[in-house]
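Chemist: Sharing a structure with you now.
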Amino acid sequence: MKSQMTRRDFLKKSSLVIAAAALPGRMGLFNVSPVLAGVDIPFKPHAFLEIAADDTITVWVGQTNLGQGTHTGIPMIIAEELDADWEKMRVKMALAAEPFKSPVWHMQATGGSSSIRHRWDLLRKVGAAARLMLVETAAEQWKIPAEKCATKDGKVIHPDGRGLTFGQLVEAARKQPVPEHPPLKNPKDYRIIGTQRERMDIPDKVMGKTVFGFDFTIPGMCVAVVARPPYYGASFQSYDKKAAMAVKGVIKVAPLGNRIAVCAETTHAAMIGRNALDIRWSKGSHPDLNDDALDALFKEHLEKPASVAKTGGDVKKALVEAARTIEQSYKLPYISHAQAEPINCTAHVEKERCRVWIPTQGQTATQLTASQLTGLPLEKVEVMTLPAGGGFGLRGEQDPVEDSVLLSKTLNRPVKVIWSRKDDFANDRFRPASQCNIKAGLDKDGRVIAWSHTVAAPSVMSRLMPDYVKDGIDPDAVSGITDIPYSFPNLLVSYVKVDSPVTVGFWRSVGYSVNAFTVESFMDELAHAAGKDPVQFRLDHMEKDGRPYNILSLLAEKSAWGTPVPEGRARGVAVTSCFESFAAHMAEVSVNEKGKITVHKMVCALDCGIAVYPDAIRAQAEAGVVMGLSTAFHEKVRFENGGVKTANYDDYPVLTMSEVPEIEVHIARNTLNPGGVGEPVFPSVAPAVANAVFKATGVRLRELPFKRELLIKG
Amino acid sequence: MIVLNVNGIKRQVDEDPDTPLLWVLRDNLGITSVKYTCGIAECGMCTVLIDGEAQRSCVVYVKDVLGSKITTIEGLPENHPVKVAWIERQVPQCGYCQPGIMLQTVDFLSRNPNPTEKQINDAMDNVICRCGTHPRIKKAIQMAAEMTARQGG
Ligand code: FES
Ligand code: FES
């Protein structure tokens with residue numbers, strides 16, 4: 001593997017290589033150079049940063065490239081502290097390794113908008129440490145105190161103006177130990193962070209050179225399509241092995257538990273072979289499951305005794321004492337990731353090692369899965385993360401890893417498992433559907449004195465991270481409510497877990513993406529009931545000058561809230577705080593007599609702490625609007641006969657060009673620690689639109705996707 | 001043996017003439033910039049130019065394009081206005097959908113070199129980009145059109 005540096009490589013190179021290893025309780029950084037040859041490197045190091053004699057600087061990134069910009073944002077942070085010449089920066093994907101685990105989660109995964117917010121200190125330290133080593137090396141050569149030296153654009157500069165490039169210094173700098181506490185820059189001196197840069201992965205993507213998982217190939221590889229049960233709990237009863245084997249290029253038909261793999265020399269042959277199997281499946285465990293049955297199931301659960309997820313004050317009493325109470329129910333469907341590149345994984349199991357190439361969001365999980373299935377120790381499992389054609393939370397799932405490892409063991413050659421689009425919809429781990437009741441009490445001045453919110457929803461965490469589920473509460477199922485950005489004197493959040501065979505998983509913004517719709521729609525209902533302006537009403541319930549307050553104020557200012565709206569249009573707002581960031585959206589819409597909603601404009605205001613890479617943040621914010629509108633208008637997975645009915649994009653439409661409005665993005669300026677980006681820009685989109693539709697029509701849309709029928713006049 | 005003209009080069013392929021062009025390009029010729037996503041002509045990620053016209057290669061059979069000029073994204077020069085605009089406007093996120101969308105753009109601009117926003121929306125309404133790069137695609141199309149106009153064609 002080119003992208004991993006073995007210890008031997010470290011020693012051969014003439015570069016300055018800063019590697020990292022997870023030491024107990026902290027991340028150890030060290031310089032790998034010949035003088036350290038006798039020193040045993042603790043644990044498993046992986047290079048973080050290499051400064052070569054020709055001045056090129058390579059940064060290894062352990063985070064998945066989903067096109068979110070992290071593969072440029074991370075080098076920007078290191079380059080900043082290093083005072084590097086940006087043109088000399090290169091980025092490489094690292095193998096799964098200890099040093100790339102999140103210091104917060106203790107695993108390597110790309111999700112929760114964590115790539116930068118969890119690594120801010122470490123990345124700055126890596127750059128600053130290397131800079132200090134170079135400065136001290138130059139100072140020694142010039143025989144002047146290090147404090148007299150400056151750094152700029154990849155050079156250490158002498159007070160008299162002469163300079164040495166980093167490349168010229170690495171030979172000697174390799175003798176320095178890595179300083180433990182290098183000084184970090186004052187943000188006012190930043191000249192890379194916060195500036196416009198071209199994303200490093202874009203040229204290859206435009207030229208068609210990027211090799212995604214689905215495109216990956218190695219010599220000797222075959223391709224497998226795995227037929228999975230179309231109904232929950234079903235198994236195959238018979239299949240036509242001969243017909244599949246008769247397809248040109250098919251080399252093996254292999255049952256794997258309740259599924260059947262067709263392996264072939266080409267992707268197309270594997271697909272044709274799979275279709276030739278003509279499988280007869282049993283009915284499965286829930287043959288009566290369909291859209292209506294699921295709807296009824298959620299409704300039923302909403303009436304069941306709930307577990308208390310959070311309580312403050314005395315909601316019951318406050319509701320009795322309230323001047324008026326308001327109660328409503330909301331409903332959201334299961335939705336699919338529908339990412340562009342179907343699920344896939346390539347594995348090669350050999351006697352002494354196992355290699356896996358996968359566009360995964362879960363490196364640690366992949367390594368564990370392959371290790372368990374092969375019996376090889378973790379260090380013998382190499383996981384190379386390939387660029388992913390979208391992920392949105394789905395790509396941590398292990399199904400394709402399991403199948404490709406098992407098949408490679410059986411066939412004794414590299415195997416790429418791919419899913420067809422139909423497989424992808426049928427086996428997606430959907431965003432949970434959800435139904436809720438909310439009841440609130442207003443006092444005589446129209447202030448919220450009680451908020452009681454009961455959610456009935458399946459639990460993602462029970463399957464994926466059961467340790468987080470305490471006392472029957474999945475914290476993700478009620479996120480956005482338990483940490484609602486308003487201060488209500490009496491708050492009760494309750495949860496009923498819905499058990500259904502439909503498998504659910506992480507989906508962009510997780511619980512926030514569901515609950516922001518209900519919280520922010522209901523806040524709007526309350527503002528209306530209280531006869532207050534929706535922005536002012538929200539601000540009145542927030543801590544003055546807190547970050548949610550400030551971002552909503554920024555939105556109001558930038559969207560000219562309160563000024564006249566163009567004829568026939570109306571505006572709505574919504575705000576959320578999640579993943580250590582704060583976002584608000586304003587939607588400007590019109591609705592025609594046939595109930596067609598047109599979104600003319602969306603304004604997004606985002607406080608994500610220091611904006612490391614503003615253009616990537618802007619791109620994410622635009623994308624958040626597009627995806628948010630898509631879920632508001634179109635997305636709903638359908639079920640019938642105990643399985644997933646939705647099979648392709650023709651029955652799962654997503655937002656397209658003519659529906660995309662003008663989008664304005666405003667990023668708050670501050671130097672606080674970076675918060676998340678990819679997820680916070682999503683949840684407040686749909687409620688902002690629903691609130692604008694209410695303003696335009698007087699009709700409250702309490703269900704996603706929006707039901708146009710409700711808006712037809714007459 | 002089938003002979004296909006791909007990006008100006010004659011390529012021999014030993015494949016069933018009823019195979020969709022998508023798979024011949026990917027499986028037989030290793031041109032993986034042509035993407036599989038839906039397989040039913042819904043998304044536009046497998047789009048190639050056939051004699052200059054954008055077509056969805058998942059539903060085109062090789063037997064029907066034997067004498068045609070097939071162009072994939074590699075067949076456009078690196079300084080093609082669409083490629084330049086796509087980089088300049090920083091369009092791709094994951095990038096999986098982009099080659100197909102860019103090729104559809106090339107066809108569209110060849111027929112309508114100076115499109116209005118409405119015409120862009122109409123022409124590009126049948127492609128999917130799950131990452132939501134639409135606002136940038138729109139800007140890049142406008143930029144590519146302007147560049148082409150300046151270059152005089
Ligand atoms: S793969 Fe051909 S249009 Fe989607
Ligand atoms: S950039 Fe990811 S699907 Fe378009």
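Letters A, B, ... go to the chains of the structure tokens in the order shown; residues in each chain start at 1; ligands are counted from 1 in the same order.
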I need the chain B residues near chain A as number ranges by chain; criterion: at most 8 Å, counting only C-alpha atoms.
Modeler: B: 23, 27, 32-33, 36-39, 42-43, 73-74, 78, 83, 86-87, 90-99, 118, 121-122, 124-135
Chemist: Tell me which protein, DNA and RNA residues are within 10 Å of Glu402 (chain A), counting only C-alpha atoms, leaving out same-chain ones fewer than 3 positions away, and put them as a ChimeraX atom specification.
Modeler: /A:256,345,347,366,369-370,372-373,397-399,405-407,417
Chemist: Please write the residues from the selection above to a file, keeping all heavy atoms, as a compact mmCIF listing (two decimals), in the first residue's frame.
Modeler:
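selection20.txt written:
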```txt
# COMPACT_ATOMS: atom_id res chain seq x y z
N LEU A 256 -24.84 -17.52 1.36
CA LEU A 256 -24.22 -16.93 2.55
C LEU A 256 -25.34 -16.71 3.55
O LEU A 256 -26.01 -15.70 3.51
CB LEU A 256 -23.63 -15.55 2.23
CG LEU A 256 -22.40 -15.37 1.36
CD1 LEU A 256 -22.18 -13.88 1.09
CD2 LEU A 256 -21.18 -15.96 2.04
N CYS A 345 -17.93 -2.94 -1.43
CA CYS A 345 -16.72 -3.18 -0.64
C CYS A 345 -15.87 -4.23 -1.34
O CYS A 345 -16.40 -5.23 -1.84
CB CYS A 345 -17.08 -3.67 0.76
SG CYS A 345 -15.65 -4.06 1.79
N ALA A 347 -12.65 -6.86 -0.79
CA ALA A 347 -11.79 -7.46 0.25
C ALA A 347 -10.91 -8.52 -0.38
O ALA A 347 -11.29 -9.18 -1.35
CB ALA A 347 -12.66 -8.08 1.35
N THR A 366 -15.05 -1.26 10.37
CA THR A 366 -14.68 -2.13 9.25
C THR A 366 -13.51 -3.03 9.64
O THR A 366 -13.51 -4.24 9.36
CB THR A 366 -14.30 -1.27 8.03
OG1 THR A 366 -15.42 -0.47 7.68
CG2 THR A 366 -13.91 -2.12 6.84
N THR A 369 -14.80 -5.73 11.98
CA THR A 369 -15.60 -6.74 11.27
C THR A 369 -14.68 -7.73 10.55
O THR A 369 -14.82 -8.95 10.67
CB THR A 369 -16.53 -6.08 10.24
OG1 THR A 369 -17.34 -5.14 10.90
CG2 THR A 369 -17.40 -7.11 9.54
N ALA A 370 -13.72 -7.18 9.80
CA ALA A 370 -12.83 -8.04 9.02
C ALA A 370 -11.96 -8.90 9.93
O ALA A 370 -11.70 -10.07 9.64
CB ALA A 370 -11.97 -7.20 8.09
N GLN A 372 -12.75 -9.95 12.96
CA GLN A 372 -13.57 -11.01 13.56
C GLN A 372 -13.85 -12.13 12.56
O GLN A 372 -13.77 -13.31 12.90
CB GLN A 372 -14.90 -10.43 14.05
CG GLN A 372 -14.78 -9.82 15.43
CD GLN A 372 -15.89 -8.82 15.71
OE1 GLN A 372 -16.85 -8.72 14.96
NE2 GLN A 372 -15.74 -8.08 16.79
N LEU A 373 -14.12 -11.77 11.32
CA LEU A 373 -14.50 -12.78 10.33
C LEU A 373 -13.29 -13.61 9.87
O LEU A 373 -13.45 -14.75 9.44
CB LEU A 373 -15.16 -12.14 9.11
CG LEU A 373 -16.54 -11.54 9.37
CD1 LEU A 373 -17.00 -10.75 8.15
CD2 LEU A 373 -17.55 -12.62 9.71
N GLU A 397 -22.19 1.19 7.87
CA GLU A 397 -22.81 -0.14 7.99
C GLU A 397 -21.86 -1.22 7.47
O GLU A 397 -21.10 -1.00 6.54
CB GLU A 397 -24.13 -0.17 7.20
CG GLU A 397 -25.17 0.82 7.70
CD GLU A 397 -25.75 0.45 9.07
OE1 GLU A 397 -25.53 -0.70 9.51
OE2 GLU A 397 -26.40 1.31 9.69
N GLN A 398 -21.97 -2.40 8.07
CA GLN A 398 -20.97 -3.43 7.83
C GLN A 398 -21.40 -4.54 6.86
O GLN A 398 -20.59 -5.42 6.55
CB GLN A 398 -20.55 -4.06 9.17
CG GLN A 398 -19.85 -3.06 10.10
CD GLN A 398 -18.62 -2.47 9.43
OE1 GLN A 398 -17.71 -3.21 9.05
NE2 GLN A 398 -18.59 -1.16 9.27
N ASP A 399 -22.62 -4.52 6.37
CA ASP A 399 -23.08 -5.63 5.49
C ASP A 399 -22.13 -5.94 4.34
O ASP A 399 -21.81 -7.10 4.09
CB ASP A 399 -24.47 -5.35 4.91
CG ASP A 399 -25.39 -4.68 5.87
OD1 ASP A 399 -25.04 -3.57 6.31
OD2 ASP A 399 -26.45 -5.23 6.17
N VAL A 405 -15.66 -10.06 2.66
CA VAL A 405 -14.63 -10.84 3.38
C VAL A 405 -14.97 -12.34 3.30
O VAL A 405 -14.11 -13.17 2.99
CB VAL A 405 -14.51 -10.36 4.85
CG1 VAL A 405 -13.70 -11.36 5.68
CG2 VAL A 405 -13.86 -8.98 4.90
N LEU A 406 -16.22 -12.67 3.56
CA LEU A 406 -16.61 -14.09 3.51
C LEU A 406 -16.39 -14.66 2.11
O LEU A 406 -15.88 -15.77 1.95
CB LEU A 406 -18.09 -14.25 3.91
CG LEU A 406 -18.39 -13.98 5.38
CD1 LEU A 406 -19.91 -14.03 5.63
CD2 LEU A 406 -17.67 -14.98 6.29
N LEU A 407 -16.75 -13.88 1.10
CA LEU A 407 -16.60 -14.39 -0.27
C LEU A 407 -15.13 -14.49 -0.67
O LEU A 407 -14.74 -15.43 -1.37
CB LEU A 407 -17.37 -13.50 -1.25
CG LEU A 407 -18.89 -13.65 -1.18
CD1 LEU A 407 -19.57 -12.54 -1.97
CD2 LEU A 407 -19.33 -15.03 -1.68
N VAL A 417 -17.89 -6.66 -3.63
CA VAL A 417 -19.34 -6.82 -3.51
C VAL A 417 -19.99 -5.49 -3.88
O VAL A 417 -19.57 -4.44 -3.39
CB VAL A 417 -19.73 -7.22 -2.08
CG1 VAL A 417 -21.23 -7.02 -1.83
CG2 VAL A 417 -19.34 -8.67 -1.82
```
Chemist: I'd like to know which residues of region 377-462 of chain A are strand (DSSP E or B) (by DSSP, run on the backbone); could you write them as a ChimeraX atom specification?
Modeler: /A:381-385,415-418,430-431,434-442,448-457
Chemist: Record the distance separating CA of Gly511 (chain A) and CA of Leu704 (chain A), expressed in Å with one decimal.
Modeler: 14.9 Å
Chemist: Just how far from CA of Arg700 (chain A) is CA of Ala530 (chain A), in Å to one decimal?
Modeler: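 Straight-line distance from CA of Ala530 (chain A) to CA of Arg700 (chain A) works out to 15.9 Å.
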Chemist: Tell me which protein, DNA and RNA residues are within 12 Å of region 142-152 of chain B, counting only C-alpha atoms, leaving out same-chain ones fewer than 6 positions away, and put them as a VMD selection string.
Modeler: chain B and resid 79 to 91 102 105 to 121 135 to 136
Chemist: Neighbouring residues of Phe694 (chain A) were defined as those with any atom within 10 Å, considering only C-alpha atoms; residues of the same chain fewer than 4 positions away were excluded. Please report them as a list in words.
Modeler: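 Result of the neighbour search: Ser521, Asp524, Glu525, His528, Ala570, Arg571, Gly572, Val591, Ala688, Val689, Ala690, Gly698, Val699, Arg700, Leu701 and Leu711 of chain A.
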Chemist: Keeping N, CA, C and O atoms for every residue in the selection just given, could you write it to a file as an mmCIF file, in the first residue's frame?
Modeler:
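Saved to selection-v6.cif:
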```cif
data_model
loop_
_atom_site.group_PDB
_atom_site.id
_atom_site.type_symbol
_atom_site.label_atom_id
_atom_site.label_comp_id
_atom_site.auth_asym_id
_atom_site.auth_seq_id
_atom_site.Cartn_x
_atom_site.Cartn_y
_atom_site.Cartn_z
ATOM 1 N N SER A 521 -41.880 23.848 13.982
ATOM 2 C CA SER A 521 -43.236 24.082 13.484
ATOM 3 C C SER A 521 -44.148 24.471 14.644
ATOM 4 O O SER A 521 -44.957 25.400 14.535
ATOM 5 N N ASP A 524 -43.802 27.886 15.935
ATOM 6 C CA ASP A 524 -44.498 28.806 15.046
ATOM 7 C C ASP A 524 -45.996 28.844 15.352
ATOM 8 O O ASP A 524 -46.638 29.902 15.304
ATOM 9 N N GLU A 525 -46.526 27.659 15.648
ATOM 10 C CA GLU A 525 -47.951 27.613 16.006
ATOM 11 C C GLU A 525 -48.200 28.439 17.270
ATOM 12 O O GLU A 525 -49.199 29.154 17.382
ATOM 13 N N HIS A 528 -48.026 32.151 16.624
ATOM 14 C CA HIS A 528 -49.274 32.580 16.003
ATOM 15 C C HIS A 528 -50.382 32.702 17.045
ATOM 16 O O HIS A 528 -51.124 33.695 17.092
ATOM 17 N N ALA A 570 -44.702 34.767 1.055
ATOM 18 C CA ALA A 570 -44.680 34.862 2.510
ATOM 19 C C ALA A 570 -43.377 34.256 3.011
ATOM 20 O O ALA A 570 -42.741 33.467 2.319
ATOM 21 N N ARG A 571 -43.022 34.648 4.231
ATOM 22 C CA ARG A 571 -41.758 34.170 4.802
ATOM 23 C C ARG A 571 -41.976 33.371 6.069
ATOM 24 O O ARG A 571 -42.923 33.624 6.813
ATOM 25 N N GLY A 572 -41.045 32.455 6.307
ATOM 26 C CA GLY A 572 -41.060 31.699 7.559
ATOM 27 C C GLY A 572 -39.632 31.476 8.025
ATOM 28 O O GLY A 572 -38.707 31.536 7.214
ATOM 29 N N VAL A 591 -47.671 30.025 -2.873
ATOM 30 C CA VAL A 591 -48.451 28.802 -3.062
ATOM 31 C C VAL A 591 -49.564 29.137 -4.047
ATOM 32 O O VAL A 591 -50.292 30.113 -3.839
ATOM 33 N N ALA A 688 -38.777 25.810 8.255
ATOM 34 C CA ALA A 688 -38.849 27.205 7.781
ATOM 35 C C ALA A 688 -39.836 27.299 6.617
ATOM 36 O O ALA A 688 -40.631 28.235 6.524
ATOM 37 N N VAL A 689 -39.803 26.287 5.731
ATOM 38 C CA VAL A 689 -40.718 26.288 4.587
ATOM 39 C C VAL A 689 -42.158 26.085 5.061
ATOM 40 O O VAL A 689 -43.074 26.799 4.640
ATOM 41 N N ALA A 690 -42.364 25.118 5.952
ATOM 42 C CA ALA A 690 -43.729 24.861 6.449
ATOM 43 C C ALA A 690 -44.292 26.122 7.104
ATOM 44 O O ALA A 690 -45.471 26.453 6.933
ATOM 45 N N GLY A 698 -52.385 30.020 5.666
ATOM 46 C CA GLY A 698 -53.142 29.699 6.871
ATOM 47 C C GLY A 698 -53.270 28.203 7.109
ATOM 48 O O GLY A 698 -53.934 27.771 8.044
ATOM 49 N N VAL A 699 -52.618 27.401 6.256
ATOM 50 C CA VAL A 699 -52.686 25.940 6.434
ATOM 51 C C VAL A 699 -51.386 25.461 7.062
ATOM 52 O O VAL A 699 -50.301 25.769 6.585
ATOM 53 N N ARG A 700 -51.515 24.688 8.119
ATOM 54 C CA ARG A 700 -50.346 24.185 8.823
ATOM 55 C C ARG A 700 -50.016 22.777 8.325
ATOM 56 O O ARG A 700 -50.871 21.887 8.381
ATOM 57 N N LEU A 701 -48.808 22.596 7.814
ATOM 58 C CA LEU A 701 -48.393 21.285 7.312
ATOM 59 C C LEU A 701 -47.664 20.558 8.434
ATOM 60 O O LEU A 701 -46.573 20.953 8.837
ATOM 61 N N LEU A 711 -53.452 22.021 0.438
ATOM 62 C CA LEU A 711 -53.299 23.430 0.070
ATOM 63 C C LEU A 711 -54.170 23.843 -1.098
ATOM 64 O O LEU A 711 -54.191 25.008 -1.488
#
```
Chemist: Near region 59-66 of chain B, within 7 Å and counting only C-alpha atoms, which residues show up once chain neighbours fewer than 2 positions away are dropped, as a list in words?
Modeler: Val3, Leu4, Pro17, Asp18, Thr19, Pro20, Leu21, Ile40, Ala41, Arg56, Ser57 and Ser68 of chain B
Chemist: Using only C-alpha atoms, which residues sit within 9 Å of Gly446 (chain A) once same-chain residues fewer than 2 positions away are excluded, as an mmCIF file with N, CA, C and O atoms, in the first residue's frame?
Modeler:
```cif
data_model
loop_
_atom_site.group_PDB
_atom_site.id
_atom_site.type_symbol
_atom_site.label_atom_id
_atom_site.label_comp_id
_atom_site.auth_asym_id
_atom_site.auth_seq_id
_atom_site.Cartn_x
_atom_site.Cartn_y
_atom_site.Cartn_z
ATOM 1 N N ALA A 323 -52.865 29.994 30.824
ATOM 2 C CA ALA A 323 -54.018 30.754 30.331
ATOM 3 C C ALA A 323 -54.674 30.003 29.182
ATOM 4 O O ALA A 323 -55.879 30.011 29.014
ATOM 5 N N ARG A 324 -53.853 29.372 28.364
ATOM 6 C CA ARG A 324 -54.398 28.510 27.316
ATOM 7 C C ARG A 324 -53.395 27.428 26.958
ATOM 8 O O ARG A 324 -52.194 27.585 27.132
ATOM 9 N N GLY A 441 -48.331 25.150 27.175
ATOM 10 C CA GLY A 441 -49.170 26.116 27.871
ATOM 11 C C GLY A 441 -48.595 27.511 27.730
ATOM 12 O O GLY A 441 -47.381 27.707 27.847
ATOM 13 N N LEU A 442 -49.468 28.467 27.417
ATOM 14 C CA LEU A 442 -49.042 29.867 27.334
ATOM 15 C C LEU A 442 -49.633 30.619 28.527
ATOM 16 O O LEU A 442 -50.770 30.345 28.940
ATOM 17 N N ASP A 443 -48.879 31.549 29.064
ATOM 18 C CA ASP A 443 -49.463 32.390 30.111
ATOM 19 C C ASP A 443 -50.233 33.540 29.455
ATOM 20 O O ASP A 443 -50.309 33.618 28.226
ATOM 21 N N LYS A 444 -50.764 34.420 30.273
ATOM 22 C CA LYS A 444 -51.649 35.438 29.687
ATOM 23 C C LYS A 444 -50.909 36.434 28.797
ATOM 24 O O LYS A 444 -51.490 37.076 27.940
ATOM 25 N N VAL A 448 -44.421 30.938 26.741
ATOM 26 C CA VAL A 448 -44.537 29.493 26.944
ATOM 27 C C VAL A 448 -44.142 29.176 28.377
ATOM 28 O O VAL A 448 -43.000 29.437 28.788
ATOM 29 N N ILE A 449 -45.052 28.604 29.136
ATOM 30 C CA ILE A 449 -44.678 28.219 30.508
ATOM 31 C C ILE A 449 -44.567 26.703 30.645
ATOM 32 O O ILE A 449 -44.028 26.215 31.621
ATOM 33 N N LEU A 526 -47.256 28.326 18.204
ATOM 34 C CA LEU A 526 -47.416 29.060 19.463
ATOM 35 C C LEU A 526 -47.280 30.563 19.238
ATOM 36 O O LEU A 526 -48.031 31.356 19.819
ATOM 37 N N ALA A 527 -46.332 30.944 18.399
ATOM 38 C CA ALA A 527 -46.156 32.373 18.107
ATOM 39 C C ALA A 527 -47.449 32.929 17.523
ATOM 40 O O ALA A 527 -47.911 34.012 17.889
ATOM 41 N N ALA A 529 -50.467 31.680 17.914
ATOM 42 C CA ALA A 529 -51.502 31.698 18.953
ATOM 43 C C ALA A 529 -51.321 32.892 19.877
ATOM 44 O O ALA A 529 -52.282 33.497 20.349
ATOM 45 N N ALA A 530 -50.059 33.233 20.139
ATOM 46 C CA ALA A 530 -49.770 34.346 21.049
ATOM 47 C C ALA A 530 -49.870 35.691 20.332
ATOM 48 O O ALA A 530 -49.731 36.743 20.960
ATOM 49 N N GLY A 531 -50.069 35.636 19.028
ATOM 50 C CA GLY A 531 -50.166 36.876 18.262
ATOM 51 C C GLY A 531 -48.839 37.606 18.152
ATOM 52 O O GLY A 531 -48.785 38.831 18.060
ATOM 53 N N LYS A 532 -47.746 36.844 18.188
ATOM 54 C CA LYS A 532 -46.414 37.466 18.151
ATOM 55 C C LYS A 532 -45.715 37.183 16.817
ATOM 56 O O LYS A 532 -46.005 36.190 16.143
ATOM 57 N N PHE A 537 -40.878 36.124 18.901
ATOM 58 C CA PHE A 537 -41.380 35.128 19.842
ATOM 59 C C PHE A 537 -40.256 34.157 20.225
ATOM 60 O O PHE A 537 -40.070 33.819 21.394
#
```
Chemist: Skipping near chain neighbours, those fewer than 6 positions away, what residues fall within 6 Å of region 82-87 of chain A using only C-alpha atoms, listed as an mmCIF file with all heavy atoms, in the first residue's frame?
Modeler:
```
data_model
loop_
_atom_site.group_PDB
_atom_site.id
_atom_site.type_symbol
_atom_site.label_atom_id
_atom_site.label_comp_id
_atom_site.auth_asym_id
_atom_site.auth_seq_id
_atom_site.Cartn_x
_atom_site.Cartn_y
_atom_site.Cartn_z
ATOM 1 N N GLY A 127 0.965 20.956 13.186
ATOM 2 C CA GLY A 127 1.578 21.991 12.360
ATOM 3 C C GLY A 127 2.536 22.858 13.159
ATOM 4 O O GLY A 127 3.658 23.158 12.710
ATOM 5 N N ALA A 128 2.102 23.232 14.355
ATOM 6 C CA ALA A 128 2.917 24.135 15.167
ATOM 7 C C ALA A 128 4.203 23.446 15.615
ATOM 8 O O ALA A 128 5.273 24.071 15.670
ATOM 9 C CB ALA A 128 2.115 24.598 16.380
ATOM 10 N N ARG A 131 6.656 23.335 12.763
ATOM 11 C CA ARG A 131 7.186 24.681 12.535
ATOM 12 C C ARG A 131 8.290 24.994 13.532
ATOM 13 O O ARG A 131 9.375 25.473 13.154
ATOM 14 C CB ARG A 131 6.056 25.706 12.667
ATOM 15 C CG ARG A 131 6.515 27.134 12.475
ATOM 16 C CD ARG A 131 5.429 28.158 12.804
ATOM 17 N NE ARG A 131 6.035 29.461 12.984
ATOM 18 C CZ ARG A 131 6.580 29.882 14.106
ATOM 19 N NH1 ARG A 131 6.567 29.102 15.184
ATOM 20 N NH2 ARG A 131 7.139 31.070 14.178
ATOM 21 N N LYS A 152 7.331 32.120 7.038
ATOM 22 C CA LYS A 152 6.334 32.586 6.085
ATOM 23 C C LYS A 152 6.421 31.741 4.809
ATOM 24 O O LYS A 152 7.527 31.444 4.343
ATOM 25 C CB LYS A 152 6.606 34.063 5.758
ATOM 26 C CG LYS A 152 5.386 34.745 5.182
ATOM 27 C CD LYS A 152 5.640 36.202 4.853
ATOM 28 C CE LYS A 152 4.470 36.710 4.033
ATOM 29 N NZ LYS A 152 4.768 37.810 3.194
ATOM 30 N N ASP A 153 5.290 31.367 4.278
ATOM 31 C CA ASP A 153 5.214 30.684 2.979
ATOM 32 C C ASP A 153 6.256 29.593 2.782
ATOM 33 O O ASP A 153 6.930 29.532 1.750
ATOM 34 C CB ASP A 153 5.376 31.711 1.848
ATOM 35 C CG ASP A 153 4.218 32.691 1.824
ATOM 36 O OD1 ASP A 153 3.134 32.331 2.337
ATOM 37 O OD2 ASP A 153 4.404 33.808 1.311
ATOM 38 N N GLY A 154 6.400 28.747 3.779
ATOM 39 C CA GLY A 154 7.298 27.602 3.623
ATOM 40 C C GLY A 154 8.759 27.909 3.829
ATOM 41 O O GLY A 154 9.616 27.133 3.414
#
```
Chemist: Of the candidates A:Pro145, A:Gly546, A:Gly393, A:Gly362, which shows the shortest atom-to-atom distance to Phe430 (chain A), using only C-alpha atoms?
Modeler: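 Looking only at the distances to Phe430 (chain A), the closest residue turns out to be A:Gly393.
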